[in-house]
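Note sheet for the following structure.
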Amino acid sequence: MKVVMIGPFGLQPKGTMSARALPMAKALVARGHGVTLLIPPWDHPADAGREWEEDGVRIVNLPLPLHLPLFFHLALALRLARLALALHPDVVHCFKPKAYSGLAHFILWWLRRLGVAHVRLVVDEDDWEQAWNDLAPYSHAQQRVFVWQERWGLTHADAVVVASRELMRLVEGVGVPPGRIFYVPNGIRPLPGDDDHHPQAVRMLWELDDALVILLYTRFFEFTLERVVEVLRRVVAQEPRAKLLIVGEGLFSEEADLDDLLTHARLAEHAVFTSWVEFERLPDYFAAADVAIFPYDDTLVNRTKCSAKLVDLLTAGLPVVANAVGQNAEYIADGESGLLVPPADEAAFADAVLRLLADADLRSRLGAAAARRMRECFDWQHLAAEVEKAY
């Protein structure tokens with residue numbers, strides 16, 4: 001089967017195409033299919049016009065048109081649709097029913113209706129896009145367009161692939177028949193340098209010495225900052241050696257706000273901000289940590305998303321404490337491959353962290369079970385079989 005995957009943005013810095021589409025594509029190639037990724041790298045223009053092959057997947061970054069109002073958007077969407085059809089695919093798989101992939105889907109649907117194109121159209125939903133209208137600085141006009149795009153895209157697809165259980169419910173709620181909805185959560189992706197970690201180099205770089213390291217690997221929008229401060233305050237009160245290693249950057253510089261809150265709470269000496277870390281170096285940071293935390297507020301965005309970051313942490317064999325929200329409870333078997341606590345219960349969260357910090361054997365057991373569970377239940381070779389059903 002010939003498959004063309006269309007993205008809404010580049011392979012970096014966002015994660016949908018690199019953490020979801022590309023591993024899915026590689027698994028499909030391993031199962032005998034031909035897959036091409038069409039990327040509109042407007043958010044990473046350095047890749048514009050570049051093509052390469054990775055594990056049998058052809059990756060094509062389209063050249064970017066002139067940045068003229070409206071022309072840029074329409075020209076890029078038309079290029080995506082035209083190149084997709086030029087490849088004569090059996091299936092076009094559009095990642096996200098919004099932005100450029102949503103526009104390309106719209107064009108392809110109308111061409112098919114007019115009898116010009118003959119291709120199966122699949123839409124991939126890994127977020128409830130309308131929920132992002134409350135988080136991202138979109139104009140009112142953009143918000144209305146995105147709401148329309150999402151609903152139209154989902155209801156005009158031959159099949160919808162969803163990344164979470166909550167998305168299944170919401171997609172069915174807009175009128176998509178259950179038989180057209182396929183649950184495919186994010187699977188594991190190989191972490192670089194699996195056999196060659198350098199945790200001591202990380203500890204020396206950030207002067208962690210003999211600290212008990214709690215890793216927070218995040219984009220910050222998943223939780224209120226005050227919650228993290230309160231959890232750290234409770235942990236440090238009972239374990240003064242604890243230090244919070246914060247890896248990541250916020251969408252709106254939330255790391256600076258968190259730094260201010262920690263300073264005000266007199267916890268600054270117990271926190272280290274690394275900013276963003278390249279994917280190739282993440283295993284060193286994971287190996288340097290004793291425990292990872294994954295706080296989630298009980299919001300619509302969090303209930304519907306499927307975090308590749310949590311997948312990475314569990315795959316690396318880290319013992320994780322997370323709030324029991326959305327897909328977190330799908331990935332973590334509480335007490336077996338990690339610890340789940342109720343949302344908005346900082347006391348329970350801190351107690352779970354302290355329990356792990358005090359028990360190295362428990363950390364080892366949960367971490368090993370987490371890595372094993374991810375390999376057994378969330379390998380892309382297994383998940384790709386469900387994608388084939390959608391095709």
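Lettering and numbering for the structure tokens are positional, with chains as A, B, ... in the shown order, residues counted from 1 in each chain, and ligands counted from 1 in the shown order.
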
Quick check for you: according to DSSP on this backbone, which residues of segment 194-270 of chain A are classed as helix (DSSP H, G or I)? Reply as a ChimeraX atom specification.
/A:199-205,225-238,254-264,268-270

message = Can you tell me which residues surround segment 328-340 of chain A at a distance of at most 7 Å, considering only C-alpha atoms, apart from same-chain residues fewer than 4 positions away, and format the answer as a VMD selection string?
response = chain A and resid 319 to 324 352 366 to 367 369 to 370

Ala347 of chain A proximity check over A:Leu383, A:Val311, A:Val231, A:Leu170, using only C-alpha atoms: winner is A:Val231

Separation of atom CA of Trp148 of chain A from atom CA of Met24 of chain A in Å:
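So the two atoms, atom CA of Met24 of chain A and atom CA of Trp148 of chain A, lie 27.2 Å apart.
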
Can you list every residue of segment 84-157 of chain A that has an atom at most 6 Å from segment 1-20 of chain A, with its nearest atom pair and the distance in Å to one decimal, using only C-alpha atoms, ordered by chain then number, as CSV?
residue,atom,partner,partner_atom,distance
A:Pro89,CA,A:Lys2,CA,4.8
A:Asp90,CA,A:Lys2,CA,5.3
A:Val91,CA,A:Val3,CA,4.9
A:Val92,CA,A:Val4,CA,4.8
A:His93,CA,A:Met5,CA,4.6
A:Cys94,CA,A:Ile6,CA,4.8
A:Phe95,CA,A:Gly7,CA,5.2
A:Ala99,CA,A:Pro8,CA,5.9
A:Tyr100,CA,A:Pro8,CA,5.0
A:Ser101,CA,A:Pro8,CA,4.7

Same residues, C-alpha atoms, saved as an mmCIF file, in the first residue's frame:
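Result written to out_32.cif:
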data_model
loop_
_atom_site.group_PDB
_atom_site.id
_atom_site.type_symbol
_atom_site.label_atom_id
_atom_site.label_comp_id
_atom_site.auth_asym_id
_atom_site.auth_seq_id
_atom_site.Cartn_x
_atom_site.Cartn_y
_atom_site.Cartn_z
ATOM 1 C CA PRO A 89 -1.149 7.031 -3.031
ATOM 2 C CA ASP A 90 -3.819 4.611 -1.868
ATOM 3 C CA VAL A 91 -4.167 6.598 1.386
ATOM 4 C CA VAL A 92 -3.486 10.186 2.423
ATOM 5 C CA HIS A 93 -3.081 10.449 6.190
ATOM 6 C CA CYS A 94 -3.424 14.056 7.432
ATOM 7 C CA PHE A 95 -1.993 14.793 10.876
ATOM 8 C CA ALA A 99 -3.808 24.477 9.618
ATOM 9 C CA TYR A 100 -1.994 23.265 6.471
ATOM 10 C CA SER A 101 -2.820 19.570 6.805
#

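Rounded to one decimal, atom CA of Ile39 of chain A and atom CA of Arg375 of chain A lie 28.6 Å from each other.
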
TODO: Select, from A:Ser307, A:Asp257, A:Tyr138, A:Arg233, the residue with the minimum atom-to-atom distance to Tyr217 of chain A, counting only C-alpha atoms.
DONE: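 Among the listed residues, A:Ser307 lies closest to Tyr217 of chain A.
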
Residues within 8 Å of segment 106-111 of chain A, only C-alpha atoms, excluding chain neighbours under 3 positions, as number ranges by chain: A: 78, 81, 102-103, 114-117, 121, 153, 156

For the residues in the current selection, export N, CA and C atoms as a tab-separated table (two decimals), in the first residue's frame.
chain	number	residue	atom	x	y	z
A	78	LEU	N	-1.97	24.09	-1.28
A	78	LEU	CA	-2.11	23.57	-2.64
A	78	LEU	C	-0.91	22.71	-3.03
A	81	ALA	N	-1.30	19.29	-1.36
A	81	ALA	CA	-2.31	18.46	-2.02
A	81	ALA	C	-1.81	17.98	-3.39
A	102	GLY	N	-5.02	20.40	7.48
A	102	GLY	CA	-6.46	20.52	7.37
A	102	GLY	C	-6.89	21.13	6.04
A	103	LEU	N	-6.15	22.14	5.59
A	103	LEU	CA	-6.45	22.75	4.29
A	103	LEU	C	-6.20	21.77	3.15
A	114	LEU	N	-15.19	15.85	-6.96
A	114	LEU	CA	-15.31	16.25	-8.36
A	114	LEU	C	-14.82	15.15	-9.31
A	115	GLY	N	-14.34	14.05	-8.77
A	115	GLY	CA	-13.90	12.93	-9.58
A	115	GLY	C	-12.48	13.04	-10.08
A	116	VAL	N	-11.74	14.06	-9.59
A	116	VAL	CA	-10.36	14.27	-10.03
A	116	VAL	C	-9.40	13.36	-9.27
A	117	ALA	N	-9.70	13.12	-7.98
A	117	ALA	CA	-8.81	12.31	-7.14
A	117	ALA	C	-9.54	11.05	-6.69
A	121	LEU	N	-9.03	9.04	2.56
A	121	LEU	CA	-8.58	10.16	3.39
A	121	LEU	C	-8.72	9.81	4.87
A	153	GLY	N	-13.10	18.53	9.32
A	153	GLY	CA	-12.11	17.51	9.00
A	153	GLY	C	-12.46	16.14	9.56
A	156	HIS	N	-15.54	14.59	7.68
A	156	HIS	CA	-15.36	14.37	6.25
A	156	HIS	C	-14.15	13.48	5.97

Notebook entry, point to check: What lies within 9 Å of segment 197-202 of chain A using only C-alpha atoms, ignoring chain neighbours under 5 positions off, as a count of residues only?
Noted result: 11
